[in-house]
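K.L.:
One structure, as structure tokens, below. Some questions next.
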Number of protein chains: 2
Amino acid sequence: MRRSHLKHVVWGLAALVLVTLLSGFSLFGGKETPGGDASKALVPPGKLDEYYLFASGGHSGQVFVYGVPSMRRIRTIPVFTPDPAWGYGYDEETKAMLGGLTWGDVHHPALSETNGEYDGRWLFVNDNANNRVARINLKTFYTEQILGPVPNIMGPHSATFVTPNTEYLFMGSRFATPVPAGTYVPIQEFKSKYYGVLAGVKIDPKSGHMELAWELLLPPWSFDLGDAGKKVSDGWYFLTTYNTEEAYETLEVGASARDRDFIVMVNWKEAEKAAAAGKFQTIAGAKVIDPVKVPGIVYLMPVAKSPHGVDVAPDGRHIAAAGKLQPTVTVYDFEKIKSAIEAKKFAGEERGLPILDYEAVRVAEVPVGLGPLHTQFDDKGYAYTSLFIDSAIVKWKIGEWKVIDKVDVHYNVGHLCAAEGDTTSPDGKWLVSLNKMAKDRFLPVGPSHPENLQLIDISGDKMKLVYESPVDPEPHYAQMIKADKIKPEVVFYKDVKRPNSVWDPKDARVVRKGNRVDAYIVAIRSRFIPDRVEVNEGDDVYFHLTNNDMDQDITHGFGIPLYNVDMQVEPGETKTLHVKATKPGVYPFYCTNFCSALHQEMQGWFLVKPKK
Amino acid sequence: MRRSHLKHVVWGLAALVLVTLLSGFSLFGGKETPGGDASKALVPPGKLDEYYLFASGGHSGQVFVYGVPSMRRIRTIPVFTPDPAWGYGYDEETKAMLGGLTWGDVHHPALSETNGEYDGRWLFVNDNANNRVARINLKTFYTEQILGPVPNIMGPHSATFVTPNTEYLFMGSRFATPVPAGTYVPIQEFKSKYYGVLAGVKIDPKSGHMELAWELLLPPWSFDLGDAGKKVSDGWYFLTTYNTEEAYETLEVGASARDRDFIVMVNWKEAEKAAAAGKFQTIAGAKVIDPVKVPGIVYLMPVAKSPHGVDVAPDGRHIAAAGKLQPTVTVYDFEKIKSAIEAKKFAGEERGLPILDYEAVRVAEVPVGLGPLHTQFDDKGYAYTSLFIDSAIVKWKIGEWKVIDKVDVHYNVGHLCAAEGDTTSPDGKWLVSLNKMAKDRFLPVGPSHPENLQLIDISGDKMKLVYESPVDPEPHYAQMIKADKIKPEVVFYKDVKRPNSVWDPKDARVVRKGNRVDAYIVAIRSRFIPDRVEVNEGDDVYFHLTNNDMDQDITHGFGIPLYNVDMQVEPGETKTLHVKATKPGVYPFYCTNFCSALHQEMQGWFLVKPKK
């Protein structure tokens, strides 16, 4: 081999090695990663995801917890719908919390925030169907409180959105009705006797406890998504409204007649002051403020007709909103808004509420494409807008106001969820597209298709579709939080003073007082103690079950055939369930949650002696 | 550079390139494929899975449909529990099917078979809690029939297992009780007046309709898993039993006292003949055969104590069973069983039922490890047994009777599911380990952990753990079928003669007869026609909703706030829902399932005029 030739070979080989090393490509088969970018979603056995994604479960009434990037559903959290998998809605406490309603329509989850950052304490969700909001404790992943049905509000689609220090969440009515709920007024009087209502729900900073603080009486418009101001716009709440036409028939036409609807701006600190100053009337127990009579609380900003989302950028200054029938996103500048309000420079009023001059407050109309619904942000000043009709997501830059990238999604995206996307400092890492249609993307499962959650890598210049995951009906919105911000308990605290708990099998007992029987039962691998509860037909029986296994993941269930009884107790937990012993006979009770090698033997007897 | 040195460099670099090329490793970070074997589970966007996996949902009452190998949950099928995501249990038809019970305990799904192969027509599941079985139509993925509560049986854990041509499924009681259910007998008379019962449920070969054919009255033992014979053993049904001690207290000790329990063998063709010949007594409407009085139906085979699974190999000849407290799997040979029965060579009897001689019928005791529960098979003569206590799966060969491979799973595996695993020709491709504990395998989600489905590649000599997927409580068993065997409908048939359907908006109407109001409503993007239903307080209102959108994936929902109304209609579907108009006032009805850009506008009004 000639030396010069050898040199070529050396450099050739060296280059090959270098390319191999630098590119991260193997020289086999083209791409390094089987499945292409999909490998970014791979979380191999034993490894954990980077983010939690909390997705609303829509009319399932529940919340779905996903891991990102694997897009695996790790947990369902029952909220508004009974779920025997967790015995939710069966024991006395959760049954009472549900109040006889068996479903909800969960739209917009909101993680609690401290200084505009997700703090990992609570998750709030709304029930568009039954005028409620709920709080989930992220220590336990249990629903801890359901507030409502809140009076006067019908269909709080416009919820939950929290303020930067979780002082408030807001509920805006989608359906104008007479107030209070239950009042009958002919529909022909819609314009004069039907109202929209926005509620301020105060959140206790220590416990997360929610209570209705005040309500605003608004025109009979349909209120939609909202977002709380942050930084410079802190103290304000923004929400969209459609059907300012006040149509009550053939809404798909009637509510799209005008060219413009409004962004409603609420100065919630002023509302708070008005409530404190007694400037309200009481309707169905709620303090209802009329913002026409109390100026300084509500302002309107024109927006292209039928808007869905309004989103405040991480800077707190730029506010993006879009009418879903116009191919642009309008961006408003809060500094201009502030100046206009301070200068009282209005373009007119509607229903007694001042309208800001569109030209004076908007800084851009970004041409994005068809059906713009919702905008999220990253850490580099980019915005991402979902296009329902185009089935795409566009990326555009704040300040430059033009689209620089577009990616197709499958199909008909509603909301977007970026990593830490609603905080003052998004991570710019992952974006999940919540697509309403899946059609041909997964194995067919009959006429009811899943929805499709698609994972997009937004860390580079170009958006990259990485993975997709089917999901049961029907997430509408989600929030994504860094995994290390949530530190759940893995077993319950063994509270020796907890009423009805039994921690020593010797204290397990059945106590009768008249027709009431209290059975204090210990569940411990693999026994119920006592394993026999004998009662008389017609007795009121209270089963108090305590799980004495303090090892994580040792759940015990307690089912009674034909009595529709199902409890689930986690390690260290106590639950109480009441049954009326209406059916005589012999019924086993048994552990319904696999707990040990002798789980199958974990059973006892509920014997009901017939009346003579 | 000296030439010899250069040579070394050349060969060094060449070797490096070669290693890179041949090993399939990139030189970065070890393996070529990020996630190692996990990449085998990758199904990139737009690609479909190879198999459907139907997993029982345990006490959730539902069935979960997964894609394999991605392990994505594509669909939940509501079966025994109302689920508003599909409006299941809300409309009149499904509400009636559930019969007032709000949960079930689904253990063992069984795909329908033709000639011992899954035929993709139906899926049958049991409800251990309420003595029922259900059929899911795999054209629609809808639950079509719920049979039960079946009389006399309490806790049919031992179901559903179908015969090779889906002639029957069997339900065996786990809990001995007096018969019929509802009879009170003191527990002290357990041995003499409590019974186990096995039901033969006949399946119509055309429609899949199930009906109770006959029952066998058995000793007060706990019956567990079963498997139908196939090929040479066709016509027989095998099931395990524990608690032949007939203990009724402290079962975890009492039911483990004897060294041996039994495999119960049922000649179901003989049972069928006995029923036809009138050799039964009628109890609660069921034809109940006493197998002591009608010999030739039931035989017992000794097995190590407290067995869980019994599994018939694809050859139909070898039958594997294991006591969960003994570290071996016993394999029986059906040829020997047949000979023993024909020769009437018995080792004795128990409760009047003949016991086969263990030594005469078993061909091997395979030493597998601790806590053997369930065995599956592949296409090469290998068997795979789950070990609950060892948290492992072992692979052993039929005929060689020794373990040749073992893989750890995480943690505490119950059942296994192999691709086409219960057929006469398993695929030998994938094995899913249904693990009861997940502990630290996923992001923590509070005291209630998910279970863990782990995917194992069994196509090579060694089993390889590929991926893992969390799952809500609680799959007990699953079956996996090749994707192309299922051909679902993606929209419903537009049946113009279907009662209550409306296919022309002109026919949409509200009809009053006395206090009954029938509203025939068309749902079509993005309207309800009519969009107003006005009634009087106290009226009985029937909403008949027809989805006129015939495009796939265009579901419409129908929710009424505070009236607990939730319907979901798929393209071409009609549903009926009744409400009593008890609450006066103005209530919107609205589409709860995102359907179009103007979905938000798809609403109408339910006005209830108060009584004077």
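Residues are named by chain letter and number: chains run A, B, ... in the order of the structure tokens, numbers start at 1 in each chain, and ligands are numbered from 1 in the order shown.
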How close is chain A to chain B in C-alpha RMSD after a least-squares fit, all Cα atoms in order?
P.N.:
1.5 Å
K.L.:
For Lys231 of chain A, please output as a PyMOL selection string all residues within 10 Å (counting only C-alpha atoms; exclusion window: fewer than 6 positions along the same chain).
P.N.:
chain A and resi 115-116+164+314-317+424
K.L.:
Just the residues within 9 Å of segment 483-500 of chain B, please, counting only C-alpha atoms, with nothing from its chain fewer than 4 positions along; format it as a PyMOL selection string.
P.N.:
(chain A and resi 439+443-449) or (chain B and resi 49-52+67+118-121+138-141+520+544-546+548+550-553+570-576)
K.L.:
Could you name the residues that touch Glu349 of chain A at 10 Å or less, counting only C-alpha atoms, but leaving out those on the same chain fewer than 6 positions away, as a VMD selection string?
P.N.:
chain A and resid 299 to 300 355 to 356
K.L.:
Residues at most 10 Å from Val68 of chain A, counting only C-alpha atoms, excluding those fewer than 6 positions away in the same chain, as number ranges by chain?
P.N.:
A: 41-43, 48-53, 419, 430-432, 455, 480-483
K.L.:
Tell me, which residues of segment 40-123 of chain A carry DSSP strand (DSSP E), written as a count of residues only?
P.N.:
30
K.L.:
Identify, on the basis of only C-alpha atoms, every residue whose closest approach to segment 87-104 of chain A does not exceed 7 Å; exclude the query and any residue fewer than 4 positions from it along the same chain; express the result as a list in words.
P.N.:
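Once the adjacent positions are removed, what remains is His59, Ser60, Gly61, Pro78, Phe80, Thr81, Pro82, Asp83, Asp127, Asn128, Ala129, Asn130, Ile146, Asp566, Met567, Gln568, Lys575, Thr576, Leu577 and His578 of chain A; Pro84 and Asn564 of chain B.
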K.L.:
Just the selected residues (N, CA, C and O atoms), exported as an mmCIF file, in the first residue's frame, please.
P.N.:
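New file again.cif:
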```
data_model
loop_
_atom_site.group_PDB
_atom_site.id
_atom_site.type_symbol
_atom_site.label_atom_id
_atom_site.label_comp_id
_atom_site.auth_asym_id
_atom_site.auth_seq_id
_atom_site.Cartn_x
_atom_site.Cartn_y
_atom_site.Cartn_z
ATOM 1 N N HIS A 59 -66.507 14.181 29.362
ATOM 2 C CA HIS A 59 -67.752 13.665 29.924
ATOM 3 C C HIS A 59 -67.589 12.310 30.613
ATOM 4 O O HIS A 59 -68.559 11.755 31.112
ATOM 5 N N SER A 60 -66.382 11.782 30.676
ATOM 6 C CA SER A 60 -66.141 10.642 31.574
ATOM 7 C C SER A 60 -66.233 11.109 33.018
ATOM 8 O O SER A 60 -66.454 10.308 33.925
ATOM 9 N N GLY A 61 -66.029 12.411 33.226
ATOM 10 C CA GLY A 61 -66.099 12.975 34.578
ATOM 11 C C GLY A 61 -64.816 12.853 35.370
ATOM 12 O O GLY A 61 -64.765 13.269 36.525
ATOM 13 N N PRO A 78 -60.723 9.407 39.745
ATOM 14 C CA PRO A 78 -62.166 9.638 39.714
ATOM 15 C C PRO A 78 -62.511 10.950 40.406
ATOM 16 O O PRO A 78 -62.019 11.225 41.499
ATOM 17 N N PHE A 80 -65.873 13.202 39.264
ATOM 18 C CA PHE A 80 -67.320 13.469 39.275
ATOM 19 C C PHE A 80 -68.149 12.201 39.011
ATOM 20 O O PHE A 80 -69.372 12.239 39.059
ATOM 21 N N THR A 81 -67.499 11.113 38.680
ATOM 22 C CA THR A 81 -68.202 9.882 38.324
ATOM 23 C C THR A 81 -67.776 8.772 39.285
ATOM 24 O O THR A 81 -66.582 8.601 39.523
ATOM 25 N N PRO A 82 -68.729 8.042 39.833
ATOM 26 C CA PRO A 82 -68.354 6.916 40.686
ATOM 27 C C PRO A 82 -67.470 5.947 39.912
ATOM 28 O O PRO A 82 -67.690 5.725 38.720
ATOM 29 N N ASP A 83 -66.482 5.395 40.563
ATOM 30 C CA ASP A 83 -65.625 4.414 39.896
ATOM 31 C C ASP A 83 -65.259 3.304 40.873
ATOM 32 O O ASP A 83 -64.491 3.507 41.806
ATOM 33 N N ASP A 127 -66.684 21.086 36.181
ATOM 34 C CA ASP A 127 -67.732 20.197 35.657
ATOM 35 C C ASP A 127 -68.714 21.073 34.892
ATOM 36 O O ASP A 127 -69.574 21.726 35.494
ATOM 37 N N ASN A 128 -68.559 21.053 33.589
ATOM 38 C CA ASN A 128 -69.410 21.869 32.732
ATOM 39 C C ASN A 128 -70.874 21.427 32.790
ATOM 40 O O ASN A 128 -71.778 22.203 32.535
ATOM 41 N N ALA A 129 -71.094 20.162 33.160
ATOM 42 C CA ALA A 129 -72.463 19.647 33.142
ATOM 43 C C ALA A 129 -73.252 20.048 34.378
ATOM 44 O O ALA A 129 -74.451 20.298 34.290
ATOM 45 N N ASN A 130 -72.601 20.083 35.522
ATOM 46 C CA ASN A 130 -73.375 20.255 36.752
ATOM 47 C C ASN A 130 -72.873 21.402 37.628
ATOM 48 O O ASN A 130 -73.078 21.385 38.847
ATOM 49 N N ILE A 146 -65.517 18.807 46.343
ATOM 50 C CA ILE A 146 -66.327 19.220 45.191
ATOM 51 C C ILE A 146 -67.173 20.390 45.663
ATOM 52 O O ILE A 146 -67.893 20.277 46.657
ATOM 53 N N ASP A 566 -68.815 -2.062 47.305
ATOM 54 C CA ASP A 566 -67.437 -2.110 46.831
ATOM 55 C C ASP A 566 -66.636 -1.018 47.532
ATOM 56 O O ASP A 566 -66.849 0.164 47.302
ATOM 57 N N MET A 567 -65.746 -1.420 48.406
ATOM 58 C CA MET A 567 -64.814 -0.467 49.012
ATOM 59 C C MET A 567 -63.411 -0.837 48.606
ATOM 60 O O MET A 567 -63.107 -2.010 48.388
ATOM 61 N N GLN A 568 -62.542 0.156 48.540
ATOM 62 C CA GLN A 568 -61.119 -0.082 48.307
ATOM 63 C C GLN A 568 -60.370 0.724 49.365
ATOM 64 O O GLN A 568 -60.583 1.932 49.470
ATOM 65 N N LYS A 575 -62.168 3.406 55.626
ATOM 66 C CA LYS A 575 -63.376 3.880 54.946
ATOM 67 C C LYS A 575 -64.612 3.274 55.612
ATOM 68 O O LYS A 575 -64.531 2.205 56.224
ATOM 69 N N THR A 576 -65.720 3.986 55.449
ATOM 70 C CA THR A 576 -66.983 3.540 56.021
ATOM 71 C C THR A 576 -68.039 3.446 54.926
ATOM 72 O O THR A 576 -68.113 4.333 54.075
ATOM 73 N N LEU A 577 -68.812 2.396 54.961
ATOM 74 C CA LEU A 577 -69.859 2.192 53.954
ATOM 75 C C LEU A 577 -71.122 1.659 54.638
ATOM 76 O O LEU A 577 -71.041 0.767 55.480
ATOM 77 N N HIS A 578 -72.235 2.224 54.253
ATOM 78 C CA HIS A 578 -73.506 1.826 54.857
ATOM 79 C C HIS A 578 -74.304 0.951 53.898
ATOM 80 O O HIS A 578 -74.365 1.245 52.701
ATOM 81 N N PRO B 84 -70.214 7.327 31.743
ATOM 82 C CA PRO B 84 -70.748 8.444 30.957
ATOM 83 C C PRO B 84 -69.902 8.773 29.729
ATOM 84 O O PRO B 84 -70.409 9.419 28.811
ATOM 85 N N ASN B 564 -78.808 15.023 35.303
ATOM 86 C CA ASN B 564 -78.014 13.794 35.254
ATOM 87 C C ASN B 564 -78.240 13.017 33.952
ATOM 88 O O ASN B 564 -78.242 11.788 33.936
#
```
K.L.:
In segment 265-435 of chain B, what's helix (DSSP H, G or I) per DSSP? Answer as a list in words?
P.N.:
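Listing helix (DSSP H, G or I) positions across segment 265-435 of chain B yields Trp268, Lys269, Glu270, Ala271, Glu272, Lys273, Ala274, Ala275, Ala276, Phe334, Glu335, Lys336, Ile337, Lys338, Ser339, Ala340, Ile341, Glu342, Tyr358, Glu359, Ala360 and Val361 of chain B.
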K.L.:
Compile the contact shell of Ser192 of chain B as a PyMOL selection string: residues with an atom at most 10 Å away, counting only C-alpha atoms, same-chain residues fewer than 2 positions apart removed.
P.N.:
chain B and resi 178+187-190+194-195+219-220+246
K.L.:
Write a file of the just-selected residues containing N, CA, C and O atoms, as an mmCIF file, in the first residue's frame.
P.N.:
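Final output, result_11.cif:
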```cif
data_model
loop_
_atom_site.group_PDB
_atom_site.id
_atom_site.type_symbol
_atom_site.label_atom_id
_atom_site.label_comp_id
_atom_site.auth_asym_id
_atom_site.auth_seq_id
_atom_site.Cartn_x
_atom_site.Cartn_y
_atom_site.Cartn_z
ATOM 1 N N PRO B 178 -75.962 -21.442 50.595
ATOM 2 C CA PRO B 178 -77.197 -22.204 50.424
ATOM 3 C C PRO B 178 -77.798 -21.857 49.057
ATOM 4 O O PRO B 178 -77.522 -20.781 48.516
ATOM 5 N N ILE B 187 -74.098 -20.558 59.319
ATOM 6 C CA ILE B 187 -72.811 -20.921 58.725
ATOM 7 C C ILE B 187 -72.286 -22.241 59.296
ATOM 8 O O ILE B 187 -71.536 -22.961 58.625
ATOM 9 N N GLN B 188 -72.732 -22.577 60.494
ATOM 10 C CA GLN B 188 -72.283 -23.829 61.111
ATOM 11 C C GLN B 188 -72.755 -25.053 60.314
ATOM 12 O O GLN B 188 -72.214 -26.139 60.461
ATOM 13 N N GLU B 189 -73.747 -24.850 59.474
ATOM 14 C CA GLU B 189 -74.219 -25.968 58.646
ATOM 15 C C GLU B 189 -73.585 -25.938 57.255
ATOM 16 O O GLU B 189 -74.117 -26.502 56.299
ATOM 17 N N PHE B 190 -72.444 -25.266 57.171
ATOM 18 C CA PHE B 190 -71.733 -25.095 55.908
ATOM 19 C C PHE B 190 -71.546 -26.417 55.158
ATOM 20 O O PHE B 190 -71.837 -26.526 53.965
ATOM 21 N N TYR B 194 -74.533 -25.987 52.381
ATOM 22 C CA TYR B 194 -73.990 -25.007 51.440
ATOM 23 C C TYR B 194 -73.482 -25.774 50.223
ATOM 24 O O TYR B 194 -72.992 -26.901 50.364
ATOM 25 N N TYR B 195 -73.553 -25.162 49.066
ATOM 26 C CA TYR B 195 -73.180 -25.867 47.834
ATOM 27 C C TYR B 195 -72.322 -25.005 46.929
ATOM 28 O O TYR B 195 -72.477 -23.776 46.874
ATOM 29 N N PRO B 219 -69.988 -30.051 45.888
ATOM 30 C CA PRO B 219 -69.701 -29.851 47.316
ATOM 31 C C PRO B 219 -69.358 -28.386 47.603
ATOM 32 O O PRO B 219 -69.040 -27.621 46.696
ATOM 33 N N PRO B 220 -69.386 -27.993 48.878
ATOM 34 C CA PRO B 220 -69.142 -26.589 49.235
ATOM 35 C C PRO B 220 -67.652 -26.244 49.163
ATOM 36 O O PRO B 220 -67.031 -25.899 50.168
ATOM 37 N N GLU B 246 -63.466 -27.504 53.293
ATOM 38 C CA GLU B 246 -64.803 -27.007 53.647
ATOM 39 C C GLU B 246 -64.759 -26.133 54.896
ATOM 40 O O GLU B 246 -65.668 -26.152 55.730
#
```
K.L.:
Work out how far atom CA of His308 of chain A is from atom CA of Gly414 of chain A, in Å to one decimal.
P.N.:
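Going from atom CA of Gly414 of chain A over to atom CA of His308 of chain A covers 9.7 Å.
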K.L.:
Between A:Val162, A:Ile341, A:Leu353, A:Leu434, which has the minimum distance to chain B (counting only C-alpha atoms)?
P.N.:
A:Leu434
K.L.:
Quick one: distance from atom CA of Trp236 of chain A to atom CA of Val125 of chain A in Å, one decimal?
P.N.:
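For atom CA of Trp236 of chain A relative to atom CA of Val125 of chain A, the distance reads 20.3 Å.
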K.L.:
Of the candidates B:Ile319, B:Val366, B:Val535, B:Leu387, which one gets nearest to Val232 of chain B if we count only C-alpha atoms?
P.N.:
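Selected residue with least distance to Val232 of chain B: B:Ile319.
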K.L.:
Which one of A:Ala274, A:Leu216, A:Ile404, A:Val65 sits closest to chain B if you count only C-alpha atoms?
P.N.:
A:Val65
K.L.:
From the set B:Ile393, B:Leu562, B:Ile458, B:Leu217, which residue has the shortest atom-to-atom contact distance to chain A, counting only C-alpha atoms?
P.N.:
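Smallest distance to chain A is found for B:Leu562.
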K.L.:
Rank B:Glu468, B:Glu365, B:Asp427, B:Glu359 by their smallest atom-to-atom distance to chain A, using only C-alpha atoms, and report the top residue only.
P.N.:
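Closest residue, counting only C-alpha atoms: B:Glu468.
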K.L.:
Using only C-alpha atoms, which of the listed residues (A:Val179, A:Cys595, A:Leu147, A:Ala508) sits closest to Glu451 of chain B?
P.N.:
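Closest candidate: A:Cys595.
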